>>> print(open('input27.cif').read())   # mmCIF, C-alpha atoms
data_coords
#
loop_
_atom_site.label_atom_id
_atom_site.label_comp_id
_atom_site.auth_asym_id
_atom_site.auth_seq_id
_atom_site.Cartn_x
_atom_site.Cartn_y
_atom_site.Cartn_z
CA MET G 1 42.19 23.07 35.89
CA LYS G 2 45.76 23.09 37.07
CA ILE G 3 48.72 23.53 34.73
CA LEU G 4 52.42 23.88 35.54
CA VAL G 5 53.62 27.34 34.47
CA ASN G 6 57.38 27.86 34.63
CA GLY G 7 57.58 25.21 37.32
CA THR G 8 54.71 26.51 39.48
CA TRP G 9 51.21 25.04 39.57
CA CYS G 10 48.54 27.54 38.50
CA ASP G 11 44.76 27.41 38.24
CA THR G 12 43.40 28.49 34.90
CA THR G 13 40.07 28.62 33.16
CA ALA G 14 41.75 29.07 29.78
CA THR G 15 41.22 26.33 27.24
CA HIS G 16 43.97 27.42 24.87
CA LEU G 17 47.51 28.66 25.21
CA ALA G 18 46.77 32.15 23.87
CA SER G 19 44.02 32.81 26.42
CA ALA G 20 46.16 31.34 29.21
CA LEU G 21 48.87 33.89 28.47
CA ASP G 22 46.34 36.71 28.76
CA GLU G 23 44.87 35.29 31.94
CA LEU G 24 48.31 34.85 33.52
CA GLY G 25 49.28 38.45 32.79
CA TYR G 26 51.60 38.01 29.80
CA GLY G 27 49.45 39.94 27.34
CA GLY G 28 51.59 42.09 25.05
CA SER G 29 54.86 40.63 26.34
CA THR G 30 57.69 39.43 24.12
CA VAL G 31 57.78 35.79 25.10
CA ALA G 32 58.23 32.38 23.52
CA THR G 33 56.22 29.39 24.65
CA ALA G 34 56.67 25.65 24.90
CA LEU G 35 53.94 23.19 25.87
CA ASN G 36 55.04 19.86 27.32
CA GLY G 37 58.53 20.45 25.97
CA GLU G 38 57.47 21.35 22.44
CA PHE G 39 57.84 24.85 21.01
CA VAL G 40 54.51 26.50 20.17
CA PRO G 41 54.97 29.46 17.78
CA ALA G 42 52.97 32.59 18.56
CA SER G 43 50.88 32.05 15.44
CA LEU G 44 49.68 28.68 16.72
CA ARG G 45 48.89 29.59 20.34
CA SER G 46 45.19 30.09 19.65
CA ALA G 47 45.04 26.58 18.23
CA ALA G 48 46.95 24.93 21.09
CA PRO G 49 44.48 23.38 23.54
CA LEU G 50 45.36 23.03 27.22
CA ALA G 51 44.76 19.97 29.36
CA GLU G 52 44.99 19.22 33.06
CA GLY G 53 48.62 18.83 34.13
CA ASP G 54 50.13 20.45 31.03
CA ARG G 55 53.62 21.89 31.44
CA LEU G 56 53.90 25.40 30.03
CA GLU G 57 57.20 27.23 29.70
CA ILE G 58 57.08 30.98 29.08
CA LEU G 59 60.50 32.41 28.21
CA ALA G 60 61.67 35.97 27.62
CA PRO G 61 64.90 37.71 26.61
CA MET G 62 67.48 37.60 29.34
CA GLN G 63 71.15 38.38 29.89
CA GLY G 64 73.45 35.79 28.35
CA GLY G 65 77.09 35.09 27.62
CA MET Z 1 86.10 43.35 7.86
CA LEU Z 2 85.03 40.12 9.48
CA ARG Z 3 82.43 38.17 7.53
CA VAL Z 4 80.21 35.75 9.44
CA TYR Z 5 77.61 34.06 7.30
CA ASP Z 6 76.45 36.95 5.12
CA THR Z 7 77.11 39.70 7.63
CA GLU Z 8 80.15 41.93 7.60
CA LEU Z 9 81.37 43.17 10.97
CA ARG Z 10 83.79 45.99 11.57
CA SER Z 11 84.38 45.06 15.20
CA ARG Z 12 86.12 41.79 16.00
CA LEU Z 13 85.00 41.87 19.62
CA MET Z 14 81.69 40.39 20.75
CA LEU Z 15 80.29 40.97 24.21
CA GLY Z 16 78.09 38.94 26.52
CA THR Z 17 75.37 40.76 28.45
CA SER Z 18 75.37 38.76 31.69
CA ARG Z 19 76.69 39.41 35.21
CA TYR Z 20 77.04 43.21 35.01
CA PRO Z 21 76.47 45.23 38.20
CA SER Z 22 73.47 46.98 36.61
CA PRO Z 23 71.71 47.44 33.28
CA ALA Z 24 73.16 50.94 33.02
CA VAL Z 25 76.72 49.61 33.36
CA LEU Z 26 75.97 46.96 30.73
CA ALA Z 27 74.79 49.65 28.32
CA GLU Z 28 77.87 51.80 28.95
CA ALA Z 29 80.18 48.81 28.55
CA VAL Z 30 78.62 47.91 25.20
CA LYS Z 31 79.14 51.48 24.01
CA ALA Z 32 82.74 51.58 25.27
CA SER Z 33 83.57 48.26 23.62
CA ARG Z 34 82.27 49.46 20.22
CA VAL Z 35 80.93 45.94 19.57
CA GLN Z 36 78.33 45.22 16.93
CA VAL Z 37 77.24 41.88 18.36
CA VAL Z 38 76.08 40.99 21.88
CA THR Z 39 74.98 37.61 23.16
CA VAL Z 40 71.62 37.13 24.85
CA SER Z 41 69.62 34.26 26.29
CA LEU Z 42 66.11 33.09 27.12
CA ARG Z 43 64.91 32.42 30.62
CA ARG Z 44 61.61 31.96 32.41
CA GLU Z 45 59.62 35.19 32.62
CA SER Z 46 57.59 36.17 35.66
CA SER Z 47 54.36 37.91 34.72
CA GLY Z 48 54.77 40.13 37.77
CA GLU Z 49 58.37 41.28 37.38
CA ARG Z 50 58.54 41.10 33.55
CA ALA Z 51 62.31 41.52 33.88
CA GLY Z 52 62.89 40.20 30.38
CA GLN Z 53 60.83 42.95 28.80
CA GLY Z 54 62.98 45.66 30.35
CA PHE Z 55 66.18 43.90 29.34
CA TRP Z 56 64.99 43.45 25.77
CA SER Z 57 64.06 47.11 25.55
CA LEU Z 58 67.54 48.09 26.76
CA VAL Z 59 69.29 45.83 24.24
CA ARG Z 60 67.19 47.06 21.33
CA ASP Z 61 68.11 50.63 22.18
CA LEU Z 62 71.82 49.75 21.90
CA GLY Z 63 71.49 49.28 18.14
CA VAL Z 64 73.59 46.11 18.00
CA ARG Z 65 72.95 42.66 16.54
CA VAL Z 66 72.00 39.96 18.99
CA LEU Z 67 73.41 36.45 19.04
CA PRO Z 68 71.04 34.31 21.15
CA ASN Z 69 72.57 31.35 22.96
CA THR Z 70 71.29 27.99 24.12
CA ALA Z 71 73.15 28.22 27.44
CA GLY Z 72 72.11 25.67 30.01
CA CYS Z 73 70.97 23.08 27.48
CA HIS Z 74 72.28 19.59 28.11
CA SER Z 75 70.56 17.70 25.30
CA VAL Z 76 70.01 18.03 21.57
CA LYS Z 77 66.26 18.39 22.06
CA GLU Z 78 66.62 21.18 24.64
CA ALA Z 79 69.06 23.05 22.43
CA VAL Z 80 66.96 22.71 19.28
CA THR Z 81 63.76 23.76 21.07
CA THR Z 82 65.53 26.72 22.67
CA ALA Z 83 66.85 27.76 19.26
CA HIS Z 84 63.33 27.71 17.83
CA MET Z 85 62.08 29.86 20.70
CA ALA Z 86 65.02 32.27 20.35
CA ARG Z 87 64.44 32.69 16.62
CA GLU Z 88 60.88 33.78 17.26
CA VAL Z 89 61.64 36.13 20.16
CA PHE Z 90 64.79 37.76 18.80
CA GLY Z 91 63.89 37.69 15.12
CA THR Z 92 67.23 36.27 14.01
CA SER Z 93 68.40 32.97 12.56
CA TRP Z 94 71.74 33.34 14.34
CA ILE Z 95 72.15 30.92 17.22
CA LYS Z 96 75.14 30.42 19.50
CA LEU Z 97 74.74 26.73 19.97
CA GLU Z 98 75.76 25.35 23.36
CA VAL Z 99 75.16 21.75 24.37
CA ILE Z 100 76.80 21.26 27.74
CA GLY Z 101 78.19 17.86 28.59
CA GLU Z 102 79.75 18.37 32.01
CA ASP Z 103 78.80 20.85 34.70
CA ASP Z 104 82.13 21.47 36.47
CA THR Z 105 83.94 22.61 33.33
CA LEU Z 106 80.91 23.38 31.11
CA HIS Z 107 82.73 21.24 28.55
CA PRO Z 108 80.64 21.01 25.36
CA ASP Z 109 78.97 17.70 24.61
CA VAL Z 110 80.51 17.61 21.18
CA PHE Z 111 78.43 14.64 20.02
CA GLY Z 112 75.18 16.42 20.87
CA LEU Z 113 76.61 19.64 19.47
CA VAL Z 114 77.25 18.15 16.04
CA GLU Z 115 73.79 16.57 15.95
CA ALA Z 116 72.03 19.78 17.01
CA ALA Z 117 74.09 21.78 14.51
CA ARG Z 118 73.06 19.42 11.72
CA ILE Z 119 69.36 19.76 12.62
CA LEU Z 120 69.42 23.53 13.01
CA SER Z 121 71.53 24.19 9.89
CA GLY Z 122 69.04 22.09 7.95
CA GLU Z 123 66.26 24.32 9.23
CA GLY Z 124 67.96 27.48 8.02
CA PHE Z 125 69.67 28.58 11.22
CA GLU Z 126 73.09 30.20 11.04
CA VAL Z 127 74.83 28.25 13.75
CA PHE Z 128 77.73 29.52 15.88
CA PRO Z 129 78.77 26.35 17.73
CA TYR Z 130 80.52 26.66 21.10
CA THR Z 131 83.10 23.90 20.77
CA THR Z 132 86.58 22.82 21.76
CA GLU Z 133 89.78 23.00 19.72
CA ASP Z 134 89.27 19.38 18.57
CA LEU Z 135 90.01 19.20 14.84
CA VAL Z 136 87.76 16.23 14.15
CA VAL Z 137 84.79 17.85 15.90
CA ALA Z 138 85.47 21.04 13.95
CA ASP Z 139 85.45 19.10 10.71
CA LYS Z 140 82.14 17.44 11.60
CA LEU Z 141 80.59 20.78 12.59
CA LEU Z 142 81.54 22.21 9.20
CA ALA Z 143 80.10 19.14 7.48
CA ALA Z 144 76.92 19.68 9.53
CA GLY Z 145 76.52 23.10 7.93
CA CYS Z 146 78.32 25.49 10.29
CA ARG Z 147 80.29 28.26 8.59
CA VAL Z 148 81.69 29.73 11.82
CA LEU Z 149 83.30 27.95 14.77
CA MET Z 150 83.60 29.21 18.33
CA PRO Z 151 86.34 27.25 20.09
CA TRP Z 152 86.82 27.84 23.80
CA GLY Z 153 89.96 29.45 25.14
CA ALA Z 154 89.35 27.96 28.58
CA PRO Z 155 86.27 26.96 30.60
CA ILE Z 156 83.52 29.59 30.67
CA GLY Z 157 84.14 32.28 33.27
CA SER Z 158 87.52 30.86 34.30
CA GLY Z 159 89.62 33.76 33.01
CA ARG Z 160 92.51 31.42 32.25
CA GLY Z 161 93.12 32.61 28.72
CA LEU Z 162 94.17 30.27 25.93
CA ASN Z 163 94.56 26.96 27.74
CA ASN Z 164 95.71 24.81 24.84
CA LEU Z 165 97.85 27.01 22.69
CA PHE Z 166 99.12 24.14 20.57
CA GLY Z 167 95.61 22.88 19.87
CA LEU Z 168 94.29 26.32 19.02
CA LYS Z 169 97.21 27.02 16.67
CA ALA Z 170 96.57 23.69 14.96
CA LEU Z 171 92.89 24.56 14.57
CA ARG Z 172 93.77 27.91 13.00
CA ALA Z 173 96.27 26.30 10.65
CA HIS Z 174 93.94 23.48 9.69
CA PHE Z 175 90.98 25.71 8.81
CA PRO Z 176 92.58 28.87 7.40
CA ASP Z 177 89.40 30.10 5.69
CA VAL Z 178 86.81 29.40 8.41
CA PRO Z 179 85.92 32.30 10.72
CA LEU Z 180 87.09 31.23 14.19
CA VAL Z 181 85.86 33.15 17.23
CA ILE Z 182 87.48 32.43 20.59
CA ASP Z 183 84.60 32.07 23.01
CA ALA Z 184 85.01 31.65 26.74
CA GLY Z 185 87.86 31.68 29.21
CA ILE Z 186 89.44 35.01 28.29
CA GLY Z 187 90.46 36.84 31.47
CA VAL Z 188 92.42 39.94 30.52
CA PRO Z 189 92.96 42.01 27.37
CA SER Z 190 96.38 40.43 26.72
CA HIS Z 191 94.62 37.06 26.27
CA ALA Z 192 92.39 38.63 23.63
CA ALA Z 193 95.35 40.27 21.90
CA GLN Z 194 97.15 36.92 21.89
CA ALA Z 195 94.16 35.23 20.26
CA MET Z 196 94.09 37.88 17.55
CA GLU Z 197 97.86 37.69 17.02
CA LEU Z 198 97.47 33.94 16.47
CA GLY Z 199 95.08 34.71 13.65
CA PHE Z 200 91.70 34.11 15.25
CA ASP Z 201 89.04 36.24 13.66
CA ALA Z 202 87.30 37.57 16.75
CA VAL Z 203 86.83 37.02 20.47
CA LEU Z 204 83.72 36.87 22.61
CA ILE Z 205 84.05 38.19 26.16
CA ASN Z 206 81.58 38.32 29.01
CA THR Z 207 82.75 37.68 32.57
CA ALA Z 208 86.12 39.39 32.16
CA VAL Z 209 84.32 42.65 31.41
CA ALA Z 210 81.17 42.27 33.49
CA GLN Z 211 82.96 41.26 36.68
CA ALA Z 212 85.87 43.71 36.38
CA ALA Z 213 86.07 46.37 39.06
CA ASN Z 214 85.26 48.89 36.33
CA PRO Z 215 83.44 47.09 33.51
CA VAL Z 216 83.27 50.15 31.26
CA HIS Z 217 87.03 50.77 31.37
CA MET Z 218 87.66 47.06 30.88
CA ALA Z 219 85.37 47.03 27.84
CA GLU Z 220 87.44 49.83 26.32
CA ALA Z 221 90.66 47.96 27.19
CA PHE Z 222 89.41 44.83 25.41
CA ALA Z 223 88.43 46.87 22.37
CA GLN Z 224 91.95 48.28 22.16
CA ALA Z 225 93.54 44.85 22.71
CA VAL Z 226 91.51 43.23 19.95
CA GLU Z 227 92.35 46.02 17.53
CA ALA Z 228 96.04 45.87 18.47
CA GLY Z 229 96.16 42.09 18.17
CA ARG Z 230 94.48 42.14 14.77
CA ALA Z 231 96.79 44.90 13.53
CA ALA Z 232 99.78 42.88 14.72
CA ARG Z 233 98.55 39.78 12.91
CA GLU Z 234 98.16 41.72 9.69
CA ALA Z 235 101.59 43.29 10.17
CA GLY Z 236 103.28 39.86 10.36
CA PRO Z 237 104.89 39.15 13.74
CA ILE Z 238 108.48 37.88 13.86
CA GLU Z 239 109.18 34.29 14.79
CA PRO Z 240 110.57 33.74 18.31
CA ARG Z 241 114.23 32.65 18.56
CA ASP Z 242 116.18 30.96 21.29
CA LEU Z 243 119.26 33.21 21.17
CA ALA Z 244 119.80 36.94 21.12
CA VAL Z 245 120.23 38.86 17.88
CA PRO Z 246 121.71 42.36 18.27
CA SER Z 247 119.28 44.98 17.12
CA THR Z 248 121.99 47.65 16.92
CA PRO Z 249 124.35 47.15 13.94
CA VAL Z 250 127.57 45.35 14.85
CA ILE Z 251 129.55 46.87 11.95
CA GLY Z 252 131.24 50.05 13.05
CA THR Z 253 131.33 49.14 16.71
CA ALA Z 254 134.29 50.94 18.35
CA ILE Z 255 137.08 48.86 19.87
CA LEU Z 256 137.66 50.43 23.27
CA ARG Z 257 139.45 47.61 25.10
#
>>> encode(input="input27.cif", output="structure tokens")
Amino acid sequence: MKILVNGTWCDTTATHLASALDELGYGGSTVATALNGEFVPASLRSAAPLAEGDRLEILAPMQGG
Amino acid sequence: MLRVYDTELRSRLMLGTSRYPSPAVLAEAVKASRVQVVTVSLRRESSGERAGQGFWSLVRDLGVRVLPNTAGCHSVKEAVTTAHMAREVFGTSWIKLEVIGEDDTLHPDVFGLVEAARILSGEGFEVFPYTTEDLVVADKLLAAGCRVLMPWGAPIGSGRGLNNLFGLKALRAHFPDVPLVIDAGIGVPSHAAQAMELGFDAVLINTAVAQAANPVHMAEAFAQAVEAGRAAREAGPIEPRDLAVPSTPVIGTAILR
């Protein structure tokens, strides 16, 4: 199915957020996630199902003022 | 010592981590500035570049506290969600709360700011709101649970210094016991010294250091200015006068006409 990852459409076979992160190459990274605009804590990623057209934001530490 | 929430800080200078020529220069500038707090942000991470991982590793090695911001958020929901994400990633309840209302000046949306501050304070965040010098907004932010305020000196990145001196003095006088950190608009060390002389508790600098021809030297210059300004405040500056007052004693002056 297709999901929107950081603004880019991606194909994924993952059914949950945690497995999608692994499949997309974020395994072991320090990131925070939001699904369809809602924050999903790391502890709940395995229980967060994905659906066609979902919007996933994957954020990491960055320079800031 | 400066006390913000339950943390005591020796340094009254805080430094942003953005817009430096390189990560190495950022690290050197942080060391030269002797700051204990740096601001950081959250942005989209590419699984290929993983730029955020390298940055986070560099910041952790600096041994300073991080103050995550909600830069770029234009709504209460965006700011609150970003704060939740920042708390998880950075492992801190500190949040520099920015809710932007206007893109040309990056003027805070003070209505959204107060609402977001109320929500986040209620959830246990220690909120550092980026605000204006408006007394009524300041009062509402304190009522919302904030115990620190970060009024702007001038628009972010403008380098114009303290734009509304009267308003900032009134803010300081009106809230004598609230830690007030001048955030944004400082251009040169004399602006920072002026803020400290006026009694502000700390200043947060980013662009003025990062975009200087020599960021490391400028970081050191700001550190000195903040220390000098604070020392001057504690020493009790004289009041300005309109007319001259001889500093050399008049008694005993020779008559040589």
>>> residues_around(input="input27.cif", residues="range 81-85 of chain Z", least_positions_apart="4", cutoff="7 Å", atoms="all atoms listed in the file", output="VMD selection string")
(chain G and resid 32 38 to 39) or (chain Z and resid 70 77 89 95)
>>> interface_residues(input="input27.cif", of="chain G", to="chain Z", cutoff="12 Å", atoms="only C-alpha atoms", output="MDAnalysis selection string")
chainID G and resid 5:8 20:43 56:65
>>> atom_distance(input="input27.cif", atom1="CA of Leu62 in chain Z", atom2="CA of Phe200 in chain Z")
26.2 Å
>>> resolve_selection(input="input27.cif", expression="the PyMOL selection byres ((chain G and resi 11) around 10)", output="list in words")
Met1, Lys2, Ile3, Leu4, Val5, Trp9, Cys10, Thr12, Thr13, Ala14, Ala20, Leu24 and Glu52 of chain G
>>> atom_distance(input="input27.cif", atom1="CA of Glu126 in chain Z", atom2="CA of Leu171 in chain Z")
20.9 Å
>>> atom_distance(input="input27.cif", atom1="CA of Pro155 in chain Z", atom2="CA of Ala195 in chain Z")
15.4 Å
>>> residues_around(input="input27.cif", residues="range 31-35 of chain Z", least_positions_apart="4", cutoff="8 Å", atoms="only C-alpha atoms", output="list in words")
Ser11, Arg12, Leu13, Met14, Leu15, Ala27, Leu62, Val64, Val216, His217, Ala219, Glu220, Ala221, Phe222 and Ala223 of chain Z
>>> write_last_selection(input="input27.cif", atoms="C-alpha atoms", output="PDB file, keeping the file's coordinate frame")
ATOM      1  CA  SER Z  11      84.380  45.060  15.200  1.00  0.00           C
ATOM      2  CA  ARG Z  12      86.120  41.790  16.000  1.00  0.00           C
ATOM      3  CA  LEU Z  13      85.000  41.870  19.620  1.00  0.00           C
ATOM      4  CA  MET Z  14      81.690  40.390  20.750  1.00  0.00           C
ATOM      5  CA  LEU Z  15      80.290  40.970  24.210  1.00  0.00           C
ATOM      6  CA  ALA Z  27      74.790  49.650  28.320  1.00  0.00           C
ATOM      7  CA  LEU Z  62      71.820  49.750  21.900  1.00  0.00           C
ATOM      8  CA  VAL Z  64      73.590  46.110  18.000  1.00  0.00           C
ATOM      9  CA  VAL Z 216      83.270  50.150  31.260  1.00  0.00           C
ATOM     10  CA  HIS Z 217      87.030  50.770  31.370  1.00  0.00           C
ATOM     11  CA  ALA Z 219      85.370  47.030  27.840  1.00  0.00           C
ATOM     12  CA  GLU Z 220      87.440  49.830  26.320  1.00  0.00           C
ATOM     13  CA  ALA Z 221      90.660  47.960  27.190  1.00  0.00           C
ATOM     14  CA  PHE Z 222      89.410  44.830  25.410  1.00  0.00           C
ATOM     15  CA  ALA Z 223      88.430  46.870  22.370  1.00  0.00           C
TER      16      ALA Z 223
END
>>> axis_aligned_box(input="input27.cif", around="range 22-38 of chain G", padding_each_side="5 Å", output="lines of an AutoDock Vina configuration file")
center_x = 51.7
center_y = 31.0
center_z = 28.0
size_x = 23.7
size_y = 32.2
size_z = 21.1
>>> residues_around(input="input27.cif", residues="Ala138 in chain Z", least_positions_apart="4", cutoff="10 Å", atoms="only C-alpha atoms", output="list in words")
Val110, Val114, Pro129, Thr131, Thr132, Glu133, Asp134, Leu142, Ala143, Ala144, Cys146, Val148, Leu149, Met150, Pro151, Leu171, His174 and Phe175 of chain Z
>>> resolve_selection(input="input27.cif", expression="the PyMOL selection byres ((chain Z and resi 2) around 10)", output="VMD selection string")
chain Z and resid 1 3 to 5 7 to 12 179 201 to 202
>>> resolve_selection(input="input27.cif", expression="the PyMOL selection byres ((chain G and resi 48) around 10)", output="list in words")
Thr15, His16, Leu17, Ala18, Ser19, Leu35, Val40, Pro41, Ser43, Leu44, Arg45, Ser46, Ala47, Pro49, Leu50 and Ala51 of chain G
>>> residues_around(input="input27.cif", residues="Ala232 in chain Z", least_positions_apart="3", cutoff="12 Å", atoms="all atoms listed in the file", output="PyMOL selection string")
chain Z and resi 193-200+225-229+235-238
>>> write_last_selection(input="input27.cif", atoms="C-alpha atoms", output="PDB file, in the coordinates of the input")
ATOM      1  CA  ALA Z 193      95.350  40.270  21.900  1.00  0.00           C
ATOM      2  CA  GLN Z 194      97.150  36.920  21.890  1.00  0.00           C
ATOM      3  CA  ALA Z 195      94.160  35.230  20.260  1.00  0.00           C
ATOM      4  CA  MET Z 196      94.090  37.880  17.550  1.00  0.00           C
ATOM      5  CA  GLU Z 197      97.860  37.690  17.020  1.00  0.00           C
ATOM      6  CA  LEU Z 198      97.470  33.940  16.470  1.00  0.00           C
ATOM      7  CA  GLY Z 199      95.080  34.710  13.650  1.00  0.00           C
ATOM      8  CA  PHE Z 200      91.700  34.110  15.250  1.00  0.00           C
ATOM      9  CA  ALA Z 225      93.540  44.850  22.710  1.00  0.00           C
ATOM     10  CA  VAL Z 226      91.510  43.230  19.950  1.00  0.00           C
ATOM     11  CA  GLU Z 227      92.350  46.020  17.530  1.00  0.00           C
ATOM     12  CA  ALA Z 228      96.040  45.870  18.470  1.00  0.00           C
ATOM     13  CA  GLY Z 229      96.160  42.090  18.170  1.00  0.00           C
ATOM     14  CA  ALA Z 235     101.590  43.290  10.170  1.00  0.00           C
ATOM     15  CA  GLY Z 236     103.280  39.860  10.360  1.00  0.00           C
ATOM     16  CA  PRO Z 237     104.890  39.150  13.740  1.00  0.00           C
ATOM     17  CA  ILE Z 238     108.480  37.880  13.860  1.00  0.00           C
TER      18      ILE Z 238
END
